[in-house]
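K.L.:
So here's start-v9.pdb, just PDB, C-alpha atoms:
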ATOM      1  CA  MET X  23       0.000   0.000   0.000
ATOM      2  CA  ALA X  24       1.278   3.461  -0.882
ATOM      3  CA  LYS X  25       2.260   5.726   1.988
ATOM      4  CA  LEU X  26       0.310   8.979   2.193
ATOM      5  CA  VAL X  27       0.759  12.009   4.413
ATOM      6  CA  GLU X  28      -1.478  15.053   4.671
ATOM      7  CA  CYS X  29       0.082  18.459   5.257
ATOM      8  CA  ILE X  30      -1.899  21.638   5.962
ATOM      9  CA  PRO X  31       0.481  24.627   5.900
ATOM     10  CA  ASN X  32      -0.945  28.030   6.883
ATOM     11  CA  PHE X  33       0.417  31.213   5.292
ATOM     12  CA  SER X  34       0.063  34.836   6.380
ATOM     13  CA  ILE X  35      -1.310  35.952   3.029
ATOM     14  CA  SER X  36      -4.679  36.044   1.278
ATOM     15  CA  ARG X  37      -5.819  36.213  -2.318
ATOM     16  CA  GLU X  38      -8.028  39.175  -1.421
ATOM     17  CA  ARG X  39      -5.013  41.254  -0.363
ATOM     18  CA  ASP X  40      -2.276  39.792  -2.587
ATOM     19  CA  ALA X  41      -3.622  37.765  -5.501
ATOM     20  CA  ALA X  42      -0.257  37.435  -7.223
ATOM     21  CA  GLY X  43       1.447  36.186  -4.080
ATOM     22  CA  PHE X  44      -1.317  33.685  -3.372
ATOM     23  CA  ASP X  45      -1.202  32.365  -6.945
ATOM     24  CA  ALA X  46       2.587  32.008  -6.712
ATOM     25  CA  LEU X  47       2.181  29.772  -3.651
ATOM     26  CA  VAL X  48      -0.428  27.687  -5.471
ATOM     27  CA  GLU X  49       2.006  27.121  -8.331
ATOM     28  CA  VAL X  50       4.716  25.955  -5.921
ATOM     29  CA  ALA X  51       2.239  23.601  -4.236
ATOM     30  CA  LYS X  52       1.614  21.937  -7.602
ATOM     31  CA  SER X  53       5.259  21.735  -8.637
ATOM     32  CA  VAL X  54       6.435  18.421  -7.153
ATOM     33  CA  PRO X  55       5.324  15.046  -8.580
ATOM     34  CA  GLY X  56       3.810  12.795  -5.946
ATOM     35  CA  CYS X  57       2.142  15.638  -4.056
ATOM     36  CA  LEU X  58      -1.357  16.934  -4.803
ATOM     37  CA  LEU X  59      -2.857  20.255  -3.772
ATOM     38  CA  PHE X  60      -6.332  19.189  -2.648
ATOM     39  CA  ASP X  61      -7.530  22.554  -1.421
ATOM     40  CA  ALA X  62      -6.385  26.170  -1.087
ATOM     41  CA  GLN X  63      -8.632  28.366   1.031
ATOM     42  CA  THR X  64      -8.038  32.045   1.676
ATOM     43  CA  ASP X  65      -9.658  34.678   3.867
ATOM     44  CA  GLY X  66      -9.118  38.414   3.570
ATOM     45  CA  ASN X  67     -10.312  39.236   7.083
ATOM     46  CA  HIS X  68      -7.884  36.787   8.636
ATOM     47  CA  ASN X  69      -5.337  37.609   5.893
ATOM     48  CA  ARG X  70      -4.445  33.944   5.898
ATOM     49  CA  SER X  71      -4.432  30.981   3.524
ATOM     50  CA  VAL X  72      -4.694  27.298   4.336
ATOM     51  CA  PHE X  73      -3.435  24.703   1.853
ATOM     52  CA  THR X  74      -4.234  20.992   2.012
ATOM     53  CA  LEU X  75      -1.555  18.759   0.495
ATOM     54  CA  LEU X  76      -1.593  14.984   0.140
ATOM     55  CA  GLY X  77       1.102  12.717  -1.182
ATOM     56  CA  SER X  78       4.110  10.580  -0.441
ATOM     57  CA  PRO X  79       6.121  11.583   2.634
ATOM     58  CA  GLU X  80       9.109  12.583   0.498
ATOM     59  CA  ALA X  81       7.096  14.727  -1.926
ATOM     60  CA  VAL X  82       5.027  16.402   0.787
ATOM     61  CA  GLU X  83       8.129  17.252   2.812
ATOM     62  CA  GLU X  84       9.781  18.784  -0.260
ATOM     63  CA  VAL X  85       6.717  20.873  -1.123
ATOM     64  CA  ALA X  86       6.451  22.096   2.476
ATOM     65  CA  PHE X  87      10.028  23.364   2.267
ATOM     66  CA  LEU X  88       9.545  25.008  -1.138
ATOM     67  CA  LEU X  89       6.360  26.723   0.066
ATOM     68  CA  THR X  90       8.160  28.033   3.147
ATOM     69  CA  LYS X  91      10.914  29.400   0.926
ATOM     70  CA  LYS X  92       8.442  31.085  -1.428
ATOM     71  CA  ALA X  93       6.389  32.533   1.449
ATOM     72  CA  ALA X  94       9.569  34.061   2.899
ATOM     73  CA  GLU X  95      10.219  35.746  -0.441
ATOM     74  CA  LEU X  96       6.664  37.087  -0.728
ATOM     75  CA  ILE X  97       5.605  38.075   2.794
ATOM     76  CA  ASP X  98       6.984  40.765   5.081
ATOM     77  CA  MET X  99       5.506  40.160   8.517
ATOM     78  CA  ASN X 100       6.362  43.715   9.561
ATOM     79  CA  LYS X 101       3.574  44.842   7.208
ATOM     80  CA  HIS X 102       1.107  42.028   7.901
ATOM     81  CA  THR X 103      -2.259  42.714   9.498
ATOM     82  CA  GLY X 104      -5.238  40.416   9.983
ATOM     83  CA  GLU X 105      -7.688  39.015  12.504
ATOM     84  CA  HIS X 106      -5.965  35.654  12.955
ATOM     85  CA  SER X 107      -3.078  35.115  15.362
ATOM     86  CA  ARG X 108       0.209  34.638  13.505
ATOM     87  CA  MET X 109       3.953  34.608  14.088
ATOM     88  CA  GLY X 110       5.421  33.819  10.685
ATOM     89  CA  ALA X 111       5.034  34.064   6.918
ATOM     90  CA  THR X 112       4.575  30.310   6.991
ATOM     91  CA  ASP X 113       2.835  30.253  10.323
ATOM     92  CA  VAL X 114       2.345  26.547  10.938
ATOM     93  CA  ILE X 115       3.141  23.291   9.121
ATOM     94  CA  PRO X 116       1.284  20.248  10.467
ATOM     95  CA  PHE X 117       1.870  16.710   9.172
ATOM     96  CA  VAL X 118      -1.023  14.259   9.566
ATOM     97  CA  PRO X 119      -0.554  10.476   9.122
ATOM     98  CA  THR X 120      -3.069   9.339   6.526
ATOM     99  CA  MET X 121      -2.268   5.942   4.982
ATOM    100  CA  ASP X 122       0.341   3.418   6.107
ATOM    101  CA  VAL X 123       2.263   6.177   7.901
ATOM    102  CA  THR X 124       2.779   6.409  11.660
ATOM    103  CA  VAL X 125       2.724   9.442  13.910
ATOM    104  CA  GLU X 126       6.384   8.730  14.657
ATOM    105  CA  GLU X 127       7.252   9.014  10.957
ATOM    106  CA  CYS X 128       5.463  12.367  10.805
ATOM    107  CA  VAL X 129       7.413  13.508  13.860
ATOM    108  CA  GLU X 130      10.659  12.690  12.058
ATOM    109  CA  MET X 131       9.426  14.602   9.002
ATOM    110  CA  SER X 132       8.797  17.673  11.156
ATOM    111  CA  LYS X 133      12.284  17.485  12.637
ATOM    112  CA  ARG X 134      13.981  17.113   9.260
ATOM    113  CA  LEU X 135      11.992  20.008   7.854
ATOM    114  CA  GLY X 136      12.705  22.292  10.799
ATOM    115  CA  LYS X 137      16.424  21.586  10.522
ATOM    116  CA  ARG X 138      16.451  22.241   6.763
ATOM    117  CA  ILE X 139      14.405  25.443   7.025
ATOM    118  CA  TRP X 140      16.906  26.815   9.512
ATOM    119  CA  GLU X 141      20.030  25.707   7.647
ATOM    120  CA  GLU X 142      18.870  26.907   4.207
ATOM    121  CA  LEU X 143      16.484  29.769   4.974
ATOM    122  CA  GLN X 144      17.585  30.974   8.422
ATOM    123  CA  ILE X 145      13.993  30.777   9.686
ATOM    124  CA  PRO X 146      13.747  29.356  13.237
ATOM    125  CA  SER X 147      10.968  26.999  14.275
ATOM    126  CA  PHE X 148       9.202  25.429  17.235
ATOM    127  CA  LEU X 149       8.092  21.803  17.284
ATOM    128  CA  TYR X 150       4.512  21.407  18.520
ATOM    129  CA  GLU X 151       1.748  18.814  19.127
ATOM    130  CA  ASP X 152       3.138  15.240  18.909
ATOM    131  CA  SER X 153       6.540  16.615  17.849
ATOM    132  CA  ALA X 154       6.838  18.875  20.909
ATOM    133  CA  THR X 155      10.072  18.627  22.883
ATOM    134  CA  ARG X 156       8.443  20.065  26.029
ATOM    135  CA  PRO X 157       4.887  19.658  27.400
ATOM    136  CA  GLU X 158       4.106  23.379  27.184
ATOM    137  CA  ARG X 159       4.898  23.351  23.470
ATOM    138  CA  LYS X 160       2.196  20.855  22.487
ATOM    139  CA  ASN X 161      -0.458  23.563  22.322
ATOM    140  CA  LEU X 162      -0.066  25.787  19.254
ATOM    141  CA  ALA X 163      -1.808  28.694  20.964
ATOM    142  CA  THR X 164       0.812  28.644  23.731
ATOM    143  CA  VAL X 165       3.640  28.474  21.194
ATOM    144  CA  ARG X 166       2.187  31.343  19.152
ATOM    145  CA  LYS X 167       1.392  33.563  22.154
ATOM    146  CA  GLY X 168       2.967  36.975  21.667
ATOM    147  CA  GLN X 169       2.621  36.705  17.898
ATOM    148  CA  PHE X 170       5.160  38.132  15.478
ATOM    149  CA  GLU X 171       5.494  41.433  17.306
ATOM    150  CA  GLY X 172       6.154  39.871  20.713
ATOM    151  CA  MET X 173       8.262  36.939  19.555
ATOM    152  CA  PRO X 174      11.725  38.615  19.723
ATOM    153  CA  ALA X 175      11.308  39.153  23.474
ATOM    154  CA  LYS X 176       9.739  35.717  23.981
ATOM    155  CA  LEU X 177      12.685  33.935  22.381
ATOM    156  CA  LEU X 178      14.993  35.464  24.992
ATOM    157  CA  GLU X 179      13.018  33.890  27.847
ATOM    158  CA  PRO X 180      14.782  30.844  29.400
ATOM    159  CA  ASP X 181      12.103  28.333  28.321
ATOM    160  CA  TRP X 182      11.495  29.601  24.787
ATOM    161  CA  ALA X 183      14.584  28.951  22.714
ATOM    162  CA  PRO X 184      13.532  27.678  19.244
ATOM    163  CA  ASP X 185      13.893  23.964  18.611
ATOM    164  CA  PHE X 186      15.795  24.895  15.458
ATOM    165  CA  GLY X 187      17.667  28.158  15.033
ATOM    166  CA  GLU X 188      18.929  30.988  17.140
ATOM    167  CA  ARG X 189      17.041  33.076  19.692
ATOM    168  CA  LYS X 190      15.914  35.583  17.103
ATOM    169  CA  ILE X 191      13.223  35.640  14.452
ATOM    170  CA  HIS X 192      13.817  35.973  10.749
ATOM    171  CA  PRO X 193      13.522  39.740  10.165
ATOM    172  CA  THR X 194      10.642  39.430   7.685
ATOM    173  CA  ALA X 195       9.467  35.789   7.786
ATOM    174  CA  GLY X 196       9.270  35.468  11.587
ATOM    175  CA  ILE X 197       9.170  31.971  13.024
ATOM    176  CA  THR X 198       7.273  28.786  12.163
ATOM    177  CA  ALA X 199       5.603  25.995  14.148
ATOM    178  CA  ILE X 200       6.067  22.479  12.730
ATOM    179  CA  GLY X 201       4.599  19.273  14.063
ATOM    180  CA  ALA X 202       2.757  16.002  13.699
ATOM    181  CA  ARG X 203      -0.858  15.889  14.820
ATOM    182  CA  PRO X 204      -4.170  14.050  14.385
ATOM    183  CA  PRO X 205      -6.718  15.344  11.833
ATOM    184  CA  LEU X 206      -7.909  18.847  12.759
ATOM    185  CA  ILE X 207     -11.152  20.469  11.652
ATOM    186  CA  ALA X 208     -11.144  24.240  11.170
ATOM    187  CA  PHE X 209     -14.778  25.154  11.779
ATOM    188  CA  ASN X 210     -16.242  28.655  12.008
ATOM    189  CA  VAL X 211     -19.698  29.825  13.099
ATOM    190  CA  ASN X 212     -21.003  33.232  11.994
ATOM    191  CA  LEU X 213     -23.363  35.246  14.177
ATOM    192  CA  ALA X 214     -26.075  37.752  13.268
ATOM    193  CA  THR X 215     -24.415  40.555  15.212
ATOM    194  CA  SER X 216     -21.754  43.184  14.703
ATOM    195  CA  ASP X 217     -20.782  42.964  18.387
ATOM    196  CA  VAL X 218     -17.489  41.062  18.320
ATOM    197  CA  GLN X 219     -17.466  40.881  22.118
ATOM    198  CA  ILE X 220     -20.341  38.379  21.948
ATOM    199  CA  ALA X 221     -18.217  36.075  19.751
ATOM    200  CA  LYS X 222     -15.283  36.495  22.136
ATOM    201  CA  ASN X 223     -17.471  35.688  25.146
ATOM    202  CA  ILE X 224     -18.826  32.551  23.469
ATOM    203  CA  ALA X 225     -15.331  31.464  22.440
ATOM    204  CA  LYS X 226     -14.158  31.768  26.032
ATOM    205  CA  VAL X 227     -16.982  29.501  27.233
ATOM    206  CA  ILE X 228     -16.423  26.727  24.701
ATOM    207  CA  ARG X 229     -12.627  26.505  24.414
ATOM    208  CA  ALA X 230     -10.720  23.928  26.426
ATOM    209  CA  SER X 231      -8.183  26.383  27.839
ATOM    210  CA  SER X 232     -10.987  28.303  29.589
ATOM    211  CA  GLY X 233     -12.670  25.193  30.980
ATOM    212  CA  GLY X 234     -14.905  24.462  27.997
ATOM    213  CA  PHE X 235     -14.967  21.506  25.640
ATOM    214  CA  ALA X 236     -11.947  19.238  25.454
ATOM    215  CA  ALA X 237     -10.101  19.362  22.111
ATOM    216  CA  CYS X 238     -11.698  22.668  21.131
ATOM    217  CA  LYS X 239      -9.765  25.877  20.495
ATOM    218  CA  ALA X 240     -11.810  29.009  19.857
ATOM    219  CA  MET X 241     -11.494  32.759  19.346
ATOM    220  CA  GLY X 242     -13.908  35.545  18.480
ATOM    221  CA  PHE X 243     -13.294  37.648  15.363
ATOM    222  CA  MET X 244     -14.973  40.415  13.411
ATOM    223  CA  LEU X 245     -15.619  39.806   9.701
ATOM    224  CA  GLU X 246     -15.258  43.390   8.566
ATOM    225  CA  ASP X 247     -16.405  42.807   4.986
ATOM    226  CA  ARG X 248     -19.686  41.303   6.193
ATOM    227  CA  GLY X 249     -20.150  43.336   9.341
ATOM    228  CA  ILE X 250     -20.712  40.257  11.507
ATOM    229  CA  ALA X 251     -18.896  38.488  14.326
ATOM    230  CA  GLN X 252     -17.466  34.987  14.031
ATOM    231  CA  VAL X 253     -16.561  32.219  16.460
ATOM    232  CA  SER X 254     -13.499  30.636  14.843
ATOM    233  CA  MET X 255     -12.510  27.167  16.027
ATOM    234  CA  ASN X 256      -9.985  24.406  15.628
ATOM    235  CA  MET X 257     -11.486  21.054  16.586
ATOM    236  CA  VAL X 258      -8.300  19.157  17.331
ATOM    237  CA  ASN X 259     -10.016  15.817  17.996
ATOM    238  CA  TYR X 260     -13.571  15.439  16.700
ATOM    239  CA  GLU X 261     -13.849  12.012  18.336
ATOM    240  CA  VAL X 262     -13.473  13.690  21.740
ATOM    241  CA  THR X 263     -15.667  16.727  21.032
ATOM    242  CA  SER X 264     -17.927  16.581  17.982
ATOM    243  CA  ILE X 265     -19.012  19.430  15.711
ATOM    244  CA  PRO X 266     -22.753  19.245  16.549
ATOM    245  CA  VAL X 267     -22.134  19.407  20.295
ATOM    246  CA  VAL X 268     -20.114  22.611  19.940
ATOM    247  CA  TYR X 269     -22.532  24.042  17.372
ATOM    248  CA  GLU X 270     -25.498  23.538  19.683
ATOM    249  CA  MET X 271     -23.697  25.214  22.572
ATOM    250  CA  ILE X 272     -22.875  28.226  20.374
ATOM    251  CA  ARG X 273     -26.507  28.397  19.226
ATOM    252  CA  SER X 274     -27.731  28.358  22.831
ATOM    253  CA  LEU X 275     -25.236  30.992  23.980
ATOM    254  CA  ALA X 276     -25.982  33.218  20.985
ATOM    255  CA  GLU X 277     -29.670  33.176  21.886
ATOM    256  CA  ARG X 278     -28.840  34.234  25.421
ATOM    257  CA  TYR X 279     -27.042  37.266  23.967
ATOM    258  CA  GLY X 280     -30.053  38.086  21.790
ATOM    259  CA  THR X 281     -28.638  36.919  18.482
ATOM    260  CA  HIS X 282     -28.484  33.775  16.357
ATOM    261  CA  ILE X 283     -26.311  31.790  13.957
ATOM    262  CA  VAL X 284     -26.462  32.858  10.312
ATOM    263  CA  GLY X 285     -24.156  30.173   8.953
ATOM    264  CA  SER X 286     -21.043  28.106   9.445
ATOM    265  CA  GLU X 287     -18.052  27.125   7.338
ATOM    266  CA  LEU X 288     -15.308  24.555   7.040
ATOM    267  CA  VAL X 289     -11.788  25.774   6.259
ATOM    268  CA  GLY X 290      -9.960  23.133   4.276
ATOM    269  CA  LEU X 291     -10.936  19.483   4.332
ATOM    270  CA  ALA X 292     -12.635  17.431   7.036
ATOM    271  CA  PRO X 293     -12.837  13.664   7.627
ATOM    272  CA  ALA X 294     -16.092  12.169   6.342
ATOM    273  CA  LYS X 295     -16.717  10.605   9.739
ATOM    274  CA  ALA X 296     -16.901  14.041  11.363
ATOM    275  CA  LEU X 297     -19.710  15.112   9.029
ATOM    276  CA  LEU X 298     -21.465  11.776   9.311
ATOM    277  CA  ASP X 299     -21.486  12.357  13.064
ATOM    278  CA  CYS X 300     -23.487  15.517  12.338
ATOM    279  CA  ALA X 301     -26.015  13.557  10.288
ATOM    280  CA  GLU X 302     -26.353  10.959  13.019
ATOM    281  CA  PHE X 303     -26.817  13.660  15.661
ATOM    282  CA  TYR X 304     -29.433  15.745  13.861
ATOM    283  CA  LEU X 305     -31.355  12.887  12.240
ATOM    284  CA  LYS X 306     -31.330  10.926  15.515
ATOM    285  CA  LEU X 307     -30.324   7.815  13.585
ATOM    286  CA  GLU X 308     -30.623   4.648  15.618
ATOM    287  CA  ASN X 309     -28.058   1.849  15.303
ATOM    288  CA  PHE X 310     -26.292   3.778  12.544
ATOM    289  CA  ASP X 311     -23.281   2.001  11.012
ATOM    290  CA  CYS X 312     -21.538   4.326   8.582
ATOM    291  CA  LYS X 313     -19.250   1.642   7.142
ATOM    292  CA  ASN X 314     -22.187  -0.570   6.187
ATOM    293  CA  GLN X 315     -24.870   2.035   5.465
ATOM    294  CA  ILE X 316     -23.011   4.616   3.369
ATOM    295  CA  MET X 317     -23.087   3.679  -0.316
ATOM    296  CA  GLU X 318     -19.746   5.301  -1.192
ATOM    297  CA  TYR X 319     -17.905   3.167   1.361
ATOM    298  CA  HIS X 320     -19.139   0.016  -0.411
ATOM    299  CA  ILE X 321     -18.038   1.422  -3.777
ATOM    300  CA  ILE X 322     -14.545   2.160  -2.432
ATOM    301  CA  ASP X 323     -14.274  -1.360  -0.986
ATOM    302  CA  ALA X 324     -15.389  -2.891  -4.288
ATOM    303  CA  MET X 325     -12.769  -0.925  -6.224
ATOM    304  CA  GLN X 326      -9.855  -2.042  -4.049
TER     305      GLN X 326
END
What is this structure when it is put down as structure tokens?

P.N.:
Amino acid sequence: MAKLVECIPNFSISRERDAAGFDALVEVAKSVPGCLLFDAQTDGNHNRSVFTLLGSPEAVEEVAFLLTKKAAELIDMNKHTGEHSRMGATDVIPFVPTMDVTVEECVEMSKRLGKRIWEELQIPSFLYEDSATRPERKNLATVRKGQFEGMPAKLLEPDWAPDFGERKIHPTAGITAIGARPPLIAFNVNLATSDVQIAKNIAKVIRASSGGFAACKAMGFMLEDRGIAQVSMNMVNYEVTSIPVVYEMIRSLAERYGTHIVGSELVGLAPAKALLDCAEFYLKLENFDCKNQIMEYHIIDAMQ
């Protein structure tokens, strides 16, 4: 069986603000045989793009490096603004084991990439999630705290030397987080209000770090182009905390603040099982067996 790894690099750029730069990254993502660009999502409010790559470990690792190099050429973090937290031109590079690849192999990929990015590009990096060298570095939000502007001082603190590189950021490309992790679902819920504080209050209730749902990271943002507030989430383990459970809590809290949900969105790809969990929840399916009751699963089995 062929080995497959998913990689979801995040870049501090958007098509809305820099179409040429975004398109240049897309071209790089398509440039290496054995690696496919499955998805490239961009958001002008966040000023951020999320690519979804899938391919052989060797090809994916090479594309991740080439994208980091191109992003460093295109993006000056001193001029970057946007709603999303960020600390580097290539802000984060997660590797996700997908087919016949172990978490340990993805950890080794992250280490090789971090070493190469420093040696060839002089961009330092932290290892996070399953690649983390210290417990406090597992959580990306903790690693990124301070963002680009506060990172020079943070790197001088005793516990925050980069895993690769010196105690200083790249002057324009900042610093990058690299790691192996389980599948993550980037899920946003939009509210019918222009009061961003409501979204921030809801995010505080539901996120794990504030005592909310396990495996849920959340922040409140303002979508300036639409004039509405958004609860932006990373569901880091949908088996622990499912999408419908979080969605229903947001709906209930929004009603308490006198507003309601106007829509939701996925950023990038999501495992089919996560969305099937939504169908099971809302349809109240009894004795549901997705492997045996979803037609496409039978087609895939028949084709193998």

K.L.:
Would you list the contacts of Val85 (chain X) as a PyMOL selection string, taking every protein, DNA or RNA residue within 9 Å and counting all atoms listed in the file, but skipping same-chain residues closer than 2 positions in sequence?

P.N.:
chain X and resi 50-54+57+75+80-83+87-90

K.L.:
List as a VMD selection string the protein and nucleic acid residues near region 219-225 of chain X, meaning an atom at most 12 Å away when all atoms listed in the file are counted, but skip any in the same chain fewer than 3 places from it.

P.N.:
chain X and resid 210 to 216 228 to 235 238 to 245 250 to 256 268 to 283

K.L.:
With the file shown as input, list the residues that the PyMOL selection byres ((chain X and resi 159) around 12) selects, as an mmCIF file with C-alpha atoms, keeping the file's coordinate frame.

P.N.:
data_model
loop_
_atom_site.group_PDB
_atom_site.id
_atom_site.type_symbol
_atom_site.label_atom_id
_atom_site.label_comp_id
_atom_site.auth_asym_id
_atom_site.auth_seq_id
_atom_site.Cartn_x
_atom_site.Cartn_y
_atom_site.Cartn_z
ATOM 1 C CA SER X 147 10.968 26.999 14.275
ATOM 2 C CA PHE X 148 9.202 25.429 17.235
ATOM 3 C CA LEU X 149 8.092 21.803 17.284
ATOM 4 C CA TYR X 150 4.512 21.407 18.520
ATOM 5 C CA GLU X 151 1.748 18.814 19.127
ATOM 6 C CA ASP X 152 3.138 15.240 18.909
ATOM 7 C CA SER X 153 6.540 16.615 17.849
ATOM 8 C CA ALA X 154 6.838 18.875 20.909
ATOM 9 C CA THR X 155 10.072 18.627 22.883
ATOM 10 C CA ARG X 156 8.443 20.065 26.029
ATOM 11 C CA PRO X 157 4.887 19.658 27.400
ATOM 12 C CA GLU X 158 4.106 23.379 27.184
ATOM 13 C CA LYS X 160 2.196 20.855 22.487
ATOM 14 C CA ASN X 161 -0.458 23.563 22.322
ATOM 15 C CA LEU X 162 -0.066 25.787 19.254
ATOM 16 C CA ALA X 163 -1.808 28.694 20.964
ATOM 17 C CA THR X 164 0.812 28.644 23.731
ATOM 18 C CA VAL X 165 3.640 28.474 21.194
ATOM 19 C CA ARG X 166 2.187 31.343 19.152
ATOM 20 C CA LYS X 167 1.392 33.563 22.154
ATOM 21 C CA ASP X 181 12.103 28.333 28.321
ATOM 22 C CA TRP X 182 11.495 29.601 24.787
ATOM 23 C CA ALA X 183 14.584 28.951 22.714
ATOM 24 C CA PRO X 184 13.532 27.678 19.244
ATOM 25 C CA ASP X 185 13.893 23.964 18.611
ATOM 26 C CA ALA X 199 5.603 25.995 14.148
ATOM 27 C CA ILE X 200 6.067 22.479 12.730
ATOM 28 C CA GLY X 201 4.599 19.273 14.063
#

K.L.:
Closest to Thr120 (chain X) among X:Gly196, X:Pro293, X:Gly285, X:Gly187, using all atoms listed in the file?

P.N.:
X:Pro293

K.L.:
Tell me which of X:Phe73, X:Phe44, X:Phe170, X:Tyr260 sits closest to Thr198 (chain X), counting all atoms listed in the file.

P.N.:
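Smallest separation from Thr198 (chain X) among the options: X:Phe170.
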
K.L.:
Please identify all polymer residues within 12 Å of Thr124 (chain X), counting all atoms listed in the file, omitting same-chain residues fewer than 5 positions from it, and present them as number ranges by chain.

P.N.:
X: 25-28, 79, 117-119, 129-131, 152, 202-204

K.L.:
Please, what distance in Å, to one decimal, runs between CA of Glu261 (chain X) and CA of Asp311 (chain X)?

P.N.:
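CA of Asp311 (chain X) lies 15.6 Å from CA of Glu261 (chain X).
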
K.L.:
Mind giving me the straight-line distance from CA of Ala175 (chain X) to CA of Asp98 (chain X) in Å, one decimal?

P.N.:
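CA of Asp98 (chain X) lies 19.0 Å from CA of Ala175 (chain X).
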
K.L.:
Under the rule that all atoms listed in the file are counted, which of X:Leu177, X:Leu206, X:Val227, X:Ala237 is the nearest residue to Gly290 (chain X)?

P.N.:
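Result for the nearest residue to Gly290 (chain X): X:Leu206.
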
K.L.:
Could you please determine the separation between CA of Ser71 (chain X) and CA of Glu188 (chain X) in Å, to one decimal place?

P.N.:
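According to the coordinates, CA of Ser71 (chain X) and CA of Glu188 (chain X) are separated by 27.0 Å.
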
K.L.:
Ranking X:Arg37, X:Lys295, X:Arg189, X:Lys306 by minimum distance to Trp140 (chain X) and counting all atoms listed in the file, which one comes first?

P.N.:
X:Arg189

K.L.:
With only C-alpha atoms as the basis for distance, which of X:Gly172, X:Gly77, X:Gly104, X:Gly110 is at the shortest distance from Phe60 (chain X)?

P.N.:
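Smallest separation from Phe60 (chain X) among the options: X:Gly77.
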
K.L.:
Which of these, X:Met173, X:Leu47, X:Leu143, X:Ala195, has the shortest distance to Lys101 (chain X) once you count all atoms listed in the file?

P.N.:
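Closest to Lys101 (chain X) of all the choices is X:Ala195.
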
K.L.:
Skipping near chain neighbours, those fewer than 5 positions away, what residues fall within 12 Å of Arg70 (chain X) using all atoms listed in the file, listed as a PyMOL selection string?

P.N.:
chain X and resi 31-40+43-44+62-65+93+97+102-114+289
